[in-house]
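structure_31.cif follows (mmCIF, C-alpha atoms):
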```
data_run
#
loop_
_atom_site.label_atom_id
_atom_site.label_comp_id
_atom_site.auth_asym_id
_atom_site.auth_seq_id
_atom_site.Cartn_x
_atom_site.Cartn_y
_atom_site.Cartn_z
CA MET A 50 -7.45 19.16 -25.77
CA ASN A 51 -4.59 18.81 -28.19
CA LEU A 52 -4.21 15.10 -28.81
CA GLU A 53 -0.88 15.52 -30.59
CA ASN A 54 0.83 17.32 -27.76
CA SER A 55 2.72 14.99 -25.46
CA ASP A 56 3.43 17.59 -22.78
CA TRP A 57 1.07 18.06 -19.90
CA THR A 58 -0.23 21.37 -18.69
CA GLU A 59 0.70 22.28 -15.13
CA ALA A 60 -2.74 21.22 -13.91
CA GLU A 61 -2.53 17.88 -15.73
CA SER A 62 0.91 17.21 -14.29
CA ALA A 63 -0.37 18.03 -10.82
CA ALA A 64 -3.37 15.72 -11.28
CA LEU A 65 -1.09 12.86 -12.33
CA GLY A 66 1.36 13.51 -9.51
CA ALA A 67 -1.54 13.49 -7.07
CA LEU A 68 -2.21 9.86 -8.02
CA ARG A 69 1.00 8.83 -6.31
CA GLU A 70 0.09 7.24 -3.03
CA GLU A 71 1.33 5.08 -0.23
CA LYS A 72 -0.67 2.05 0.85
CA ILE A 73 -0.74 0.42 4.23
CA PRO A 74 0.30 -3.20 3.81
CA GLY A 75 -2.07 -5.92 4.96
CA PRO A 76 -1.14 -7.76 8.16
CA GLY A 77 0.08 -10.87 6.37
CA LEU A 78 2.54 -9.26 3.96
CA GLU A 79 5.40 -8.74 6.41
CA LYS A 80 5.12 -12.32 7.65
CA ASN A 81 5.04 -13.67 4.09
CA VAL A 82 8.08 -11.60 3.07
CA LEU A 83 10.08 -12.86 6.06
CA LYS A 84 9.02 -16.43 5.31
CA GLU A 85 10.10 -16.05 1.70
CA LEU A 86 13.45 -14.53 2.72
CA SER A 87 14.07 -17.41 5.12
CA ARG A 88 13.16 -19.91 2.42
CA ARG A 89 15.71 -18.30 0.09
CA GLY A 90 18.38 -18.26 2.79
CA LEU A 91 18.39 -14.47 3.00
CA LEU A 92 17.86 -14.31 6.73
CA ALA A 93 20.41 -15.53 9.20
CA PRO A 94 19.69 -18.99 10.58
CA ALA A 95 19.87 -17.37 14.02
CA ALA A 96 16.33 -16.24 13.32
CA ALA A 97 15.15 -19.82 13.31
CA PRO A 98 16.27 -20.77 16.82
CA ARG A 99 14.66 -17.54 18.06
CA ILE A 100 11.40 -18.63 16.51
CA ARG A 101 11.81 -22.10 17.95
CA LEU A 102 12.53 -20.54 21.34
CA ARG A 103 9.43 -18.43 21.08
CA ILE A 104 7.41 -21.50 20.16
CA ALA A 105 9.03 -23.39 23.01
CA ALA A 106 8.25 -20.55 25.40
CA ALA A 107 4.68 -20.45 24.16
CA ALA A 108 4.40 -24.19 24.53
CA ALA A 109 5.82 -23.97 28.05
CA ALA A 110 3.38 -21.20 28.92
CA ALA A 111 0.54 -23.25 27.48
CA ALA A 112 1.67 -26.24 29.50
CA VAL A 113 1.84 -24.16 32.68
CA PHE A 114 -1.56 -22.70 31.91
CA ALA A 115 -2.98 -26.18 31.24
CA LEU A 116 -1.41 -27.34 34.46
CA GLY A 117 -2.92 -24.37 36.27
CA VAL A 118 -6.34 -25.22 34.89
CA LEU A 119 -5.84 -28.81 35.88
CA VAL A 120 -4.70 -27.87 39.39
CA GLY A 121 -7.56 -25.37 39.63
CA SER A 122 -10.05 -27.99 38.61
CA GLN A 123 -8.71 -30.38 41.18
CA ARG A 124 -8.77 -27.72 43.87
CA SER A 125 -12.10 -26.12 43.16
CA GLY A 126 -13.92 -29.01 41.63
CA ARG A 127 -16.49 -27.56 39.21
CA ASN A 128 -14.88 -24.14 38.90
CA ALA A 129 -12.07 -24.90 36.48
CA ALA A 130 -11.92 -21.55 34.68
CA GLY A 131 -8.43 -20.66 35.90
CA PRO A 132 -7.16 -17.07 36.10
CA PRO A 133 -8.98 -14.46 34.00
CA ALA A 134 -7.26 -13.99 30.66
CA ALA A 135 -5.65 -10.63 29.88
CA PRO A 136 -7.96 -8.55 27.65
CA ALA A 137 -7.21 -9.50 24.05
CA ALA A 138 -7.10 -6.71 21.48
CA ALA A 139 -10.44 -6.28 19.77
CA ARG A 140 -10.98 -4.69 16.41
CA TYR A 141 -12.90 -1.47 15.95
CA VAL A 142 -14.01 0.47 12.89
CA LEU A 143 -13.69 4.24 12.87
CA PHE A 144 -16.21 5.68 10.44
CA LEU A 145 -15.23 9.15 9.24
CA GLU A 146 -18.16 11.40 8.46
CA GLY A 147 -18.28 14.96 7.15
CA ALA A 148 -15.45 17.49 7.45
CA GLN A 149 -15.07 21.13 6.54
CA PRO A 150 -15.00 21.71 2.77
CA ALA A 151 -11.50 21.93 1.34
CA THR A 152 -9.87 23.24 -1.81
CA ALA A 153 -7.88 20.75 -3.90
CA ALA A 154 -4.63 21.90 -2.26
CA GLU A 155 -6.11 21.64 1.23
CA GLU A 156 -7.50 18.21 0.38
CA ALA A 157 -4.05 17.03 -0.74
CA ALA A 158 -2.54 18.38 2.50
CA ARG A 159 -5.21 16.56 4.50
CA VAL A 160 -4.57 13.28 2.70
CA ALA A 161 -0.87 13.65 3.55
CA GLU A 162 -1.75 14.44 7.16
CA TYR A 163 -4.04 11.40 7.44
CA ARG A 164 -1.37 9.18 5.89
CA SER A 165 1.23 10.40 8.29
CA TRP A 166 -1.14 9.69 11.21
CA ALA A 167 -1.99 6.28 9.74
CA ARG A 168 1.70 5.40 9.41
CA ARG A 169 2.36 6.33 13.04
CA GLU A 170 -0.60 4.30 14.31
CA ALA A 171 0.28 1.33 12.06
CA ALA A 172 3.87 1.42 13.33
CA ALA A 173 2.50 1.33 16.88
CA GLY A 174 0.44 -1.72 15.93
CA LYS A 175 -2.86 0.08 16.39
CA LEU A 176 -3.98 0.59 12.81
CA LEU A 177 -4.86 -2.42 10.67
CA ALA A 178 -6.43 -0.91 7.54
CA GLY A 179 -8.09 2.18 6.16
CA GLU A 180 -9.55 3.58 2.97
CA LYS A 181 -11.09 6.79 1.72
CA LEU A 182 -14.47 6.22 0.08
CA GLU A 183 -15.87 7.73 -3.09
CA PRO A 184 -18.88 9.95 -2.48
CA SER A 185 -21.34 7.91 -4.54
CA ALA A 186 -23.32 5.21 -2.72
CA HIS A 187 -25.58 2.48 -3.98
CA GLU A 188 -27.72 0.07 -2.13
CA ALA A 189 -29.04 -3.39 -2.68
CA GLY A 190 -32.08 -4.84 -0.97
CA ALA A 191 -35.04 -2.78 0.20
CA ALA A 192 -34.11 0.64 -1.15
CA GLY A 193 -35.96 3.59 0.35
CA PRO A 194 -36.56 7.04 -1.11
CA GLU A 195 -33.80 8.59 1.04
CA PRO A 196 -30.10 8.32 0.13
CA PRO A 197 -28.41 5.51 2.04
CA ALA A 198 -27.24 6.61 5.48
CA SER A 199 -23.81 5.20 4.74
CA ALA A 200 -23.36 7.90 2.05
CA ALA A 201 -22.24 10.23 4.82
CA VAL A 202 -19.22 8.01 5.52
CA ARG A 203 -16.18 9.50 3.80
CA GLY A 204 -13.73 6.83 4.84
CA PHE A 205 -12.88 4.29 7.51
CA PHE A 206 -10.05 2.89 9.56
CA ILE A 207 -9.89 -0.50 11.22
CA ILE A 208 -7.92 -0.38 14.44
CA ALA A 209 -6.91 -2.76 17.21
CA ALA A 210 -7.60 -1.75 20.81
CA ALA A 211 -7.80 -3.55 24.13
CA SER A 212 -10.84 -1.54 25.28
CA ASP A 213 -13.47 0.98 24.18
CA GLU A 214 -11.44 3.68 25.94
CA GLU A 215 -8.30 2.81 24.01
CA ALA A 216 -10.27 2.79 20.74
CA LEU A 217 -11.69 6.22 21.60
CA ALA A 218 -8.21 7.51 22.42
CA THR A 219 -7.01 6.39 18.98
CA ALA A 220 -10.08 8.00 17.38
CA ARG A 221 -9.33 11.30 19.14
CA ARG A 222 -5.81 11.30 17.70
CA CYS A 223 -7.20 10.92 14.16
CA PRO A 224 -6.84 14.26 12.34
CA HIS A 225 -10.38 13.96 10.94
CA ALA A 226 -11.94 15.48 14.06
CA ALA A 227 -9.60 18.46 13.86
CA HIS A 228 -11.00 19.20 10.40
CA GLY A 229 -14.56 19.40 11.68
CA GLY A 230 -15.40 15.77 10.86
CA ARG A 231 -17.07 13.18 13.03
CA VAL A 232 -15.39 9.91 13.95
CA ILE A 233 -17.78 7.14 14.94
CA VAL A 234 -16.24 4.23 16.82
CA ARG A 235 -17.86 0.81 16.44
CA LYS A 236 -16.53 -2.44 17.84
CA ILE A 237 -16.37 -5.36 15.43
CA ALA A 238 -18.37 -8.29 16.73
CA VAL A 239 -16.64 -11.61 17.18
CA LEU A 240 -18.79 -14.40 15.79
CA MET B 267 20.16 7.61 0.39
CA SER B 268 20.48 8.67 3.99
CA GLU B 269 23.38 7.71 6.20
CA ASP B 270 20.95 5.89 8.39
CA GLU B 271 19.76 3.81 5.45
CA CYS B 272 23.35 2.97 4.48
CA ARG B 273 23.92 1.75 8.01
CA LEU B 274 20.79 -0.43 7.93
CA VAL B 275 21.72 -1.96 4.59
CA SER B 276 25.26 -2.68 5.82
CA GLU B 277 23.91 -4.19 9.01
CA TYR B 278 21.49 -6.40 7.13
CA LEU B 279 24.18 -7.51 4.69
CA SER B 280 26.63 -8.34 7.43
CA ARG B 281 24.19 -10.05 9.75
CA ARG B 282 21.23 -10.94 7.54
CA ASP B 283 19.12 -10.26 10.58
CA GLU B 284 15.39 -9.79 10.68
CA LYS B 285 15.50 -6.55 12.66
CA SER B 286 17.54 -4.46 10.23
CA PHE B 287 15.71 -5.93 7.25
CA LEU B 288 12.35 -5.01 8.77
CA GLU B 289 13.47 -1.43 9.36
CA ILE B 290 14.26 -1.08 5.67
CA TYR B 291 11.13 -2.97 4.69
CA ARG B 292 8.79 -0.81 6.78
CA ARG B 293 10.23 2.42 5.41
CA HIS B 294 9.66 1.57 1.79
CA THR B 295 6.76 -0.86 1.60
CA PRO B 296 3.87 1.68 1.65
CA ALA B 297 5.32 3.52 -1.37
CA LEU B 298 6.12 0.25 -3.19
CA LEU B 299 2.59 -0.99 -2.56
CA GLY B 300 1.19 2.25 -3.95
CA LEU B 301 3.23 1.79 -7.11
CA ALA B 302 2.32 -1.90 -7.42
CA ALA B 303 -1.37 -1.13 -6.95
CA ARG B 304 -1.24 1.52 -9.68
CA LEU B 305 0.49 -0.89 -12.05
CA ALA B 306 -1.86 -3.73 -11.13
CA ALA B 307 -4.83 -1.49 -11.89
CA GLY B 308 -6.00 -1.31 -8.31
CA ASP B 309 -5.85 -5.04 -7.56
CA GLY B 310 -4.71 -4.95 -3.92
CA SER B 311 -3.98 -8.65 -3.53
CA GLU B 312 -1.93 -8.75 -6.72
CA ALA B 313 -0.08 -5.66 -5.53
CA GLU B 314 0.89 -7.44 -2.30
CA GLU B 315 2.08 -10.51 -4.20
CA ILE B 316 4.19 -8.29 -6.44
CA VAL B 317 5.71 -6.46 -3.48
CA GLN B 318 6.43 -9.74 -1.68
CA GLU B 319 8.36 -11.12 -4.65
CA ALA B 320 10.05 -7.76 -5.20
CA TRP B 321 11.38 -7.74 -1.64
CA ALA B 322 12.61 -11.31 -1.89
CA ARG B 323 14.55 -10.43 -5.05
CA ALA B 324 15.79 -7.13 -3.71
CA ALA B 325 17.05 -8.75 -0.50
CA GLY B 326 19.00 -11.22 -2.62
CA ALA B 327 20.38 -8.48 -4.88
CA LEU B 328 21.29 -6.02 -2.10
CA PRO B 329 25.01 -6.87 -2.27
CA SER B 330 24.98 -5.46 -5.82
CA PHE B 331 23.19 -2.29 -4.76
CA LEU B 332 25.95 0.25 -4.99
CA PHE B 333 24.17 3.22 -3.47
CA ARG B 334 24.31 4.93 -6.84
CA SER B 335 20.61 5.62 -6.81
CA ALA B 336 17.99 6.32 -4.19
CA MET B 337 16.81 3.14 -2.58
CA ARG B 338 13.17 3.79 -3.53
CA THR B 339 14.22 4.05 -7.17
CA TRP B 340 16.14 0.81 -6.98
CA LEU B 341 13.38 -1.07 -5.16
CA SER B 342 10.73 0.28 -7.52
CA GLY B 343 12.63 -1.35 -10.37
CA PHE B 344 12.00 -4.76 -8.78
CA VAL B 345 8.30 -3.97 -8.41
CA VAL B 346 7.97 -2.97 -12.07
CA ASN B 347 9.89 -5.98 -13.29
CA VAL B 348 7.96 -8.49 -11.17
CA TRP B 349 4.74 -6.91 -12.44
CA ARG B 350 5.92 -7.14 -16.07
CA GLU B 351 6.89 -10.79 -15.69
CA ARG B 352 3.55 -11.64 -14.16
CA ARG B 353 1.76 -9.86 -16.97
CA ARG B 354 3.76 -11.76 -19.58
CA SER B 355 3.24 -15.14 -17.96
CA GLY B 356 -0.29 -14.55 -16.73
CA GLY B 357 -1.77 -14.52 -20.22
CA ARG B 358 -3.80 -11.40 -19.60
CA ALA B 359 -4.14 -9.24 -22.67
CA GLU B 360 -2.83 -5.74 -22.34
CA GLY B 361 -5.33 -3.25 -21.05
CA ASP B 362 -8.06 -5.80 -20.36
CA GLU B 363 -8.57 -4.87 -16.73
CA ASP B 364 -11.98 -4.60 -15.28
CA THR B 365 -12.27 -0.86 -15.12
CA ASP B 366 -15.06 -1.07 -12.55
CA SER B 367 -12.73 -2.69 -10.06
CA VAL B 368 -10.18 -0.05 -10.91
CA ALA B 369 -12.71 2.61 -10.12
CA ALA B 370 -13.66 0.93 -6.87
CA ALA B 371 -10.05 0.67 -5.79
CA ALA B 372 -9.08 4.09 -7.04
CA PRO B 373 -8.14 6.33 -4.16
CA PRO B 374 -9.64 9.49 -2.84
CA PRO B 375 -10.91 12.62 -3.98
CA ASP B 376 -14.34 13.45 -4.75
CA SER B 377 -13.26 14.33 -8.23
CA VAL B 378 -14.44 12.66 -11.36
CA GLN B 379 -11.25 13.81 -13.05
CA ARG B 380 -9.10 11.70 -10.75
CA LEU B 381 -11.28 8.67 -11.26
CA ASP B 382 -11.21 9.09 -15.04
CA LEU B 383 -7.46 9.48 -14.90
CA ALA B 384 -6.98 6.32 -12.81
CA ARG B 385 -9.25 4.36 -15.15
CA ALA B 386 -7.57 5.66 -18.27
CA ILE B 387 -4.10 4.79 -16.92
CA ALA B 388 -5.30 1.31 -15.93
CA ALA B 389 -6.55 0.76 -19.47
CA LEU B 390 -3.28 1.74 -21.15
CA PRO B 391 -1.15 -1.01 -22.72
CA ASP B 392 1.45 -2.31 -20.25
CA GLY B 393 4.51 -0.64 -21.77
CA PHE B 394 2.82 2.73 -21.86
CA ARG B 395 1.41 2.35 -18.39
CA ALA B 396 4.76 1.44 -16.87
CA VAL B 397 6.59 4.46 -18.26
CA LEU B 398 3.74 6.87 -17.61
CA VAL B 399 3.23 5.72 -14.02
CA LEU B 400 6.96 5.76 -13.30
CA HIS B 401 7.53 9.20 -14.81
CA ASP B 402 4.32 11.19 -14.42
CA VAL B 403 2.89 9.65 -11.25
CA GLU B 404 5.96 8.44 -9.33
CA GLY B 405 8.25 11.23 -10.51
CA PHE B 406 11.25 9.15 -11.64
CA THR B 407 13.60 10.58 -14.27
CA HIS B 408 14.11 8.99 -17.68
CA GLU B 409 17.57 7.88 -16.59
CA GLU B 410 16.12 6.14 -13.54
CA ILE B 411 13.36 4.53 -15.60
CA ALA B 412 15.92 3.36 -18.14
CA THR B 413 17.82 1.58 -15.37
CA GLN B 414 14.67 0.15 -13.85
CA LEU B 415 13.31 -1.22 -17.12
CA GLY B 416 16.62 -2.08 -18.73
CA ILE B 417 16.06 0.26 -21.69
CA GLU B 418 17.76 3.36 -23.12
CA SER B 419 16.65 6.69 -21.68
CA GLY B 420 15.78 7.81 -25.23
CA THR B 421 13.38 4.86 -25.45
CA SER B 422 11.83 5.90 -22.16
CA LYS B 423 11.30 9.43 -23.54
CA SER B 424 9.72 8.32 -26.79
CA GLN B 425 7.61 5.70 -25.00
CA LEU B 426 6.40 8.39 -22.59
CA ALA B 427 5.41 10.71 -25.43
CA ARG B 428 3.37 7.92 -27.01
CA ALA B 429 1.88 6.95 -23.66
CA ARG B 430 0.79 10.53 -23.01
CA ARG B 431 -0.87 10.78 -26.40
CA ALA B 432 -2.65 7.47 -25.76
CA LEU B 433 -3.80 8.73 -22.37
CA ARG B 434 -5.04 12.02 -23.81
CA SER B 435 -6.94 10.16 -26.45
CA ARG B 436 -8.53 7.87 -23.84
CA LEU B 437 -9.46 10.78 -21.61
CA ALA B 438 -10.95 12.64 -24.54
CA GLY B 439 -12.92 9.76 -25.92
CA SER B 440 -13.31 6.19 -24.84
CA VAL B 441 -13.31 6.65 -21.08
CA ALA B 442 -15.81 9.47 -21.24
CA ARG B 443 -18.11 7.20 -23.22
CA GLY B 444 -17.59 4.38 -20.76
CA GLU B 445 -16.19 2.26 -23.58
CA ARG B 446 -13.77 -0.54 -22.77
CA ARG B 447 -10.95 -1.93 -24.80
#
```
Turn the structure described in the file into C-alpha cells.
Amino acid sequence: MNLENSDWTEAESAALGALREEKIPGPGLEKNVLKELSRRGLLAPAAAPRIRLRIAAAAAAAAVFALGVLVGSQRSGRNAAGPPAAPAAARYVLFLEGAQPATAAEEAARVAEYRSWARREAAAGKLLAGEKLEPSAHEAGAAGPEPPASAAVRGFFIIAAASDEEALATARRCPHAAHGGRVIVRKIAVL
Amino acid sequence: MSEDECRLVSEYLSRRDEKSFLEIYRRHTPALLGLAARLAAGDGSEAEEIVQEAWARAAGALPSFLFRSAMRTWLSGFVVNVWRERRRSGGRAEGDEDTDSVAAAAPPPDSVQRLDLARAIAALPDGFRAVLVLHDVEGFTHEEIATQLGIESGTSKSQLARARRALRSRLAGSVARGERR
C-alpha cells in the first residue's frame, strides 16, 4: 500500500462507493419533521384545521363508541363489551436465514434488490425496520459448546400485519426466499 | 432534477401543503439518512436528528433553490452543515467516536474490509471525513462539495487528497491493530 498516493485503485473506489446506502427512517421522523415545519410556519395553516378535524372526528367516534358501550351495558346488563374491535395491526419479525452464496457483485445487486423491496413495503406502511447482521455472534449467559443458534440469522425485518396470513404474504414477497434463503415469521408479543 | 420534482417543489412553495412536502421528503430521506449515519459514525438517533433539522432548514430555504443542482446534492448540503454545527457545538473531539458502536452499526457484507473501512472513515477528523464521504462514498463532484461546504473546489480537492492519505494510513496501521485515537 502506497501511503503517499492519494488516488484509489479501482477496487478501493468500488469498496468506498459500496458504503453508500439508504436507510429506512424510523416511524417518528416524519411526524417530527412535520411538527418542526409547522412550528416554523413552513406548512400552510390549513393543515392545522385538518388535524383538528381529525381529532374532532376521533373524539366523536370515541364518544359514539362510549355511548354504544353505555347503551350496550344498559341493554345487556353484565355483557358490556360492545362490538368486537377491528383487528389492530400487530408487529412481526421476519428472520432471514441462509441464502445461496454470492460473489461481491451479486451481493451488491441483492442488497439493492432488498432495499427496493423494503422501500415498496415501507411506502405501503407494512415495513417498520430492518437490518442486515454481521456474521459474527456472541452470547452472554449460559454459553454452550455449540455456536449460538441466532448465528444463522443474516438479517431481519420488522413488519406490521393484521394477521399471520398477511405477515406470511409479506414474507413471501421478500426477495430473500428467491435467493434460496429461509424467512422465519414470528409475531411480537404484546406485554 | 426531474420535471415531476420541479412540479412538487412548485406545488409545495405555492401551497405549503403537507402532501407535496411529504412526496419530496419520502423520495430523499432514505439517502439523506444514509449520509447522516455515515457522518455521525453510525449513530442512528443522531442521524435522524440531523435529518430532521436539515429538512426544516431546507423547507425554509426552498424558495432560494434555483434548480441549478440536483435536489439530492442540495439537500445533502444541509445534512453536512447541520452535522458540522452539531460537532462544533457538541464539544466532541474530532475522531473520538466509539469505534465498537460504529462497527455494530456498520452495514452489511460479510467482509472484514468493509468493516475496517467504515471504522477507519468514522475515526477520521471531521473535515477529512466530510470531504471523503461526500466525494468517495456519495459520489459528489468537487464543485458540488464546494457549494455544499461553502469552500473553493480547489480546497475540496486538496482536502480529499489529505483525507485519502489519512485513511490509507489508518487502514494500514492503527485500525488493523485495533488502536483508537
Could you check how far atom CA of A:Gly75 sits from atom CA of B:Ala297, in Å to one decimal?
13.6 Å
Name the residues that the PyMOL selection byres ((chain A) within 6 of (chain B)) pulls out of this structure, and write them as a PyMOL selection string.
chain A and resi 52+55+65-66+69-73+82+86+92-93+181
Point-to-point distance in Å for atom CA of A:Glu61 and atom CA of B:Val348:
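Distance reported for this atom pair: 28.7 Å.
Atom to atom, atom CA of A:Ile207 and atom CA of A:Gly229 stand 20.4 Å apart.
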Counting all atoms listed in the file, which residue out of B:Glu410, B:Asp392, B:Glu269, B:Glu418 sits closest to B:Ser342?
B:Glu410
Between A:Ala171, A:Ala138, A:Leu182, A:Ala148, which residue has the minimum interatomic distance to A:Glu215, considering all atoms listed in the file?
A:Ala138
With distances taken over all atoms listed in the file, which of A:Lys80, A:Pro74, A:Ala211, A:Ala158 is nearest to A:Glu180?
A:Pro74
Test item: which residues lie within 8 Å of (14.7, -3.0, -13.5) counting all atoms listed in the file, as a list in words:
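Checking each residue against the 8 Å limit leaves Trp340, Ser342, Gly343, Phe344, Val346, Asn347, Ile411, Ala412, Thr413, Gln414, Leu415 and Gly416 of chain B.
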Taking the file as shown, what set of residues would the PyMOL selection byres ((chain A and resi 218-227) around 12) give back, as an MDAnalysis selection string?
chainID A and resid 141:149 156 158:171 173:176 179 181 202:217 228:235
As JSON, what would the box around stretch 297-315 of chain B look like: edges along x, y and z, 3 Å added on every side, centre and edge lengths in Å to one decimal?
```
{"center_x": 0.1, "center_y": -3.5, "center_z": -6.7, "size_x": 18.1, "size_y": 20.0, "size_z": 16.7}
```
Using the chain letters and numbering of this document, enumerate as a VMD selection string the residues selected by the PyMOL selection byres ((chain A and resi 238) around 9).
chain A and resid 139 to 141 236 to 237 239 to 240
Counting all atoms listed in the file, what is within 9 Å of B:Arg350, bar same-chain residues fewer than 5 positions away, as a ChimeraX atom specification?
/B:345,355,392-393,396
